[in-house]
Amino acid sequence: MITDQTDDIDYEIVAIRYATTRTRGVRDNFISVHDLHDGPMPMDFYVWAIIDGDRIILVDGGSDEEVCTRRGYRFLRCPAAALGQLGFSPEQVTDLVVTHMHWDHLGNLDKFPNARLYLHKSEIAHATGCAMCQPTLRKPYDVNQVCSVIKALYADRVAFNHGECRIAPGITLHHVGGHTPGLQVVRVRTARGNVVLASDALHFYANSLLGNPFPVVVNVQDYLDAFPKIEAWADSPDHIIAGHDPVIMQIYPPWSDAVRDMAVRLDVPPNGKPMSNLPTA
Ligand SMILES: [Zn+2]
């Protein structure tokens, strides 16, 4: 476990829901389905904003309406505009952690002109290398988004994580791989302890609880090996934030009543357990 005695900043974290799908079923969300009853299992799409006064560290850029709609998902709102509704401007985003380069995490880079990007080195190698000759591996990536990273790289706006790094006091990135080769999770110090934004290391809490990966996965062993690491980095299971689970909007309090369906706070304890989305076997 990382300890940093000098880190005395407690951050606020807000999860912003920007897209959703209600048509997904249980058997779409696990790699091993033979002992699972099928049924509806909706999925939400988020970005996460870590707030330090006037400075925003954004975790993922989400996606835009054109990309979401083309891929069959229901776009709800632009993440940059949503930040505006919370009282922040996109210019306040000084850092943007790209957990991985899939289409639903890498969009909107142009809307955050002051942001330095943080990527794991193996993710950009995967997304721009020979793996992309395989249509199955290429499908979750969007070429325009990938090109936007290359442009940022040539503009000296990209920093690479080589395994584990601290990007601000109390905020560390940890490479886990699995879902994609370069997937990284974000550990954030808050008033309730260290929260881990797990992104697609677990789409749903059920992926972790059942030890049953989401079916978009490059390395199953790495995917499964990430769970105990994430549990060690988080102060408790309640400090782990799944990447796509709709239960997040139910168990965490809204940022304000005006944005109840859009934004919830993760730096305060949940008011329930994330078990409600667990399919029955
Ligand atoms: Zn995702």
# chains A, B, ... in the order shown; residues from 1 in each chain; ligands from 1

$ residues_near_ligand --ligand "ligand 1" --cutoff "12 Å" --atoms "only C-alpha atoms and all ligand atoms" --output "VMD selection string"
chain A and resid 18 to 20 29 43 to 47 60 to 63 68 98 to 107 140 to 141 179 to 180 183 198 to 204 214 to 217 242 to 245

$ residues_around --residues "Val195 in chain A" --least-positions-apart "3" --cutoff "7 Å" --atoms "only C-alpha atoms" --output "ChimeraX atom specification"
/A:187-190,234-235,239-240

$ select_by_dssp --residues "range 55-165 of chain A" --states "alpha helix (DSSP H)" --output "ChimeraX atom specification"
/A:65-70,79-85,121-127,135-138,143-154

$ write_last_selection --atoms "C-alpha atoms" --output "PDB file, in the first residue's frame"
ATOM      1  CA  GLU A  65     -23.337  12.540 -29.094  1.00  0.00           C
ATOM      2  CA  GLU A  66     -22.256  11.440 -32.570  1.00  0.00           C
ATOM      3  CA  VAL A  67     -20.033   8.607 -31.332  1.00  0.00           C
ATOM      4  CA  CYS A  68     -22.516   7.448 -28.674  1.00  0.00           C
ATOM      5  CA  THR A  69     -25.459   7.446 -31.057  1.00  0.00           C
ATOM      6  CA  ARG A  70     -23.541   5.676 -33.821  1.00  0.00           C
ATOM      7  CA  PRO A  79     -19.388  16.060 -19.980  1.00  0.00           C
ATOM      8  CA  ALA A  80     -17.867  19.530 -20.514  1.00  0.00           C
ATOM      9  CA  ALA A  81     -21.295  21.167 -20.429  1.00  0.00           C
ATOM     10  CA  ALA A  82     -22.168  19.114 -17.357  1.00  0.00           C
ATOM     11  CA  LEU A  83     -19.129  20.518 -15.581  1.00  0.00           C
ATOM     12  CA  GLY A  84     -20.534  23.961 -16.410  1.00  0.00           C
ATOM     13  CA  GLN A  85     -23.818  23.024 -14.742  1.00  0.00           C
ATOM     14  CA  LYS A 121       2.520   3.809 -22.116  1.00  0.00           C
ATOM     15  CA  SER A 122       1.172   0.399 -23.151  1.00  0.00           C
ATOM     16  CA  GLU A 123      -2.267   1.818 -23.998  1.00  0.00           C
ATOM     17  CA  ILE A 124      -1.064   4.129 -26.740  1.00  0.00           C
ATOM     18  CA  ALA A 125       1.204   1.364 -28.076  1.00  0.00           C
ATOM     19  CA  HIS A 126      -1.826  -0.957 -28.264  1.00  0.00           C
ATOM     20  CA  ALA A 127      -4.178   1.606 -29.813  1.00  0.00           C
ATOM     21  CA  PRO A 135     -11.234  -5.839 -35.969  1.00  0.00           C
ATOM     22  CA  THR A 136     -12.327  -7.287 -32.616  1.00  0.00           C
ATOM     23  CA  LEU A 137      -9.577  -5.428 -30.755  1.00  0.00           C
ATOM     24  CA  ARG A 138     -10.035  -2.290 -32.852  1.00  0.00           C
ATOM     25  CA  VAL A 143      -9.834   6.631 -34.802  1.00  0.00           C
ATOM     26  CA  ASN A 144     -10.641  10.338 -34.474  1.00  0.00           C
ATOM     27  CA  GLN A 145     -10.229  10.166 -30.716  1.00  0.00           C
ATOM     28  CA  VAL A 146      -6.954   8.259 -31.083  1.00  0.00           C
ATOM     29  CA  CYS A 147      -5.735  10.959 -33.500  1.00  0.00           C
ATOM     30  CA  SER A 148      -6.622  13.605 -30.917  1.00  0.00           C
ATOM     31  CA  VAL A 149      -4.191  11.929 -28.516  1.00  0.00           C
ATOM     32  CA  ILE A 150      -1.465  11.948 -31.159  1.00  0.00           C
ATOM     33  CA  LYS A 151      -2.062  15.668 -31.688  1.00  0.00           C
ATOM     34  CA  ALA A 152      -1.849  16.269 -27.937  1.00  0.00           C
ATOM     35  CA  LEU A 153       1.348  14.201 -27.811  1.00  0.00           C
ATOM     36  CA  TYR A 154       2.966  16.338 -30.509  1.00  0.00           C
TER      37      TYR A 154
END

$ closest_residue --among "A:Gly178, A:Leu36, A:Gln184, A:Asp267" --to "Glu164 in chain A" --atoms "only C-alpha atoms"
A:Gln184

$ select_by_dssp --residues "range 100-161 of chain A" --states "strand (DSSP E or B)" --output "ChimeraX atom specification"
/A:106,116-120,158-161

$ residues_around --residues "Trp48 in chain A" --least-positions-apart "5" --cutoff "8 Å" --atoms "only C-alpha atoms" --output "PyMOL selection string"
chain A and resi 13-16+58-60

$ write_last_selection --atoms "N, CA and C atoms" --output "short mmCIF file (atom, residue, chain, number, x, y, z; two decimals), in the first residue's frame"
data_model
loop_
_atom_site.label_atom_id
_atom_site.label_comp_id
_atom_site.auth_asym_id
_atom_site.auth_seq_id
_atom_site.Cartn_x
_atom_site.Cartn_y
_atom_site.Cartn_z
N ILE A 13 -14.97 14.47 -5.01
CA ILE A 13 -15.07 13.75 -6.30
C ILE A 13 -16.53 13.73 -6.72
N VAL A 14 -16.77 14.03 -7.97
CA VAL A 14 -18.13 13.95 -8.49
C VAL A 14 -18.13 13.02 -9.71
N ALA A 15 -19.09 12.10 -9.72
CA ALA A 15 -19.32 11.25 -10.89
C ALA A 15 -20.39 11.90 -11.73
N ILE A 16 -20.08 12.10 -13.01
CA ILE A 16 -21.04 12.71 -13.95
C ILE A 16 -21.48 11.64 -14.93
N LEU A 58 -9.74 15.83 -14.18
CA LEU A 58 -10.81 15.03 -14.77
C LEU A 58 -10.29 13.62 -15.06
N VAL A 59 -11.09 12.64 -14.72
CA VAL A 59 -10.74 11.27 -15.05
C VAL A 59 -11.64 10.84 -16.20
N ASP A 60 -11.06 10.75 -17.37
CA ASP A 60 -11.68 10.41 -18.65
C ASP A 60 -12.50 11.58 -19.22
#

$ closest_residue --among "A:Ala206, A:Met262, A:Ile50, A:Ala155" --to "Val26 in chain A" --atoms "only C-alpha atoms"
A:Ala206

$ closest_residue --among "A:Leu210, A:Leu117, A:Val218, A:Met132" --to "Ile167 in chain A" --atoms "only C-alpha atoms"
A:Leu117

$ atom_distance --atom1 "CA of Asp142 in chain A" --atom2 "CA of Arg157 in chain A"
19.8 Å

$ closest_residue --among "A:Pro253, A:Gly87, A:Gly25, A:Gly182" --to "Phe160 in chain A" --atoms "only C-alpha atoms"
A:Gly182

$ atom_distance --atom1 "CA of Arg27 in chain A" --atom2 "CA of Pro40 in chain A"
9.0 Å

$ residues_around --residues "Tyr118 in chain A" --least-positions-apart "2" --cutoff "8 Å" --atoms "only C-alpha atoms" --output "ChimeraX atom specification"
/A:95-98,116,120,158-161

$ closest_residue --among "A:Ile56, A:Phe30, A:Arg22, A:Asp64" --to "Leu86 in chain A" --atoms "only C-alpha atoms"
A:Ile56
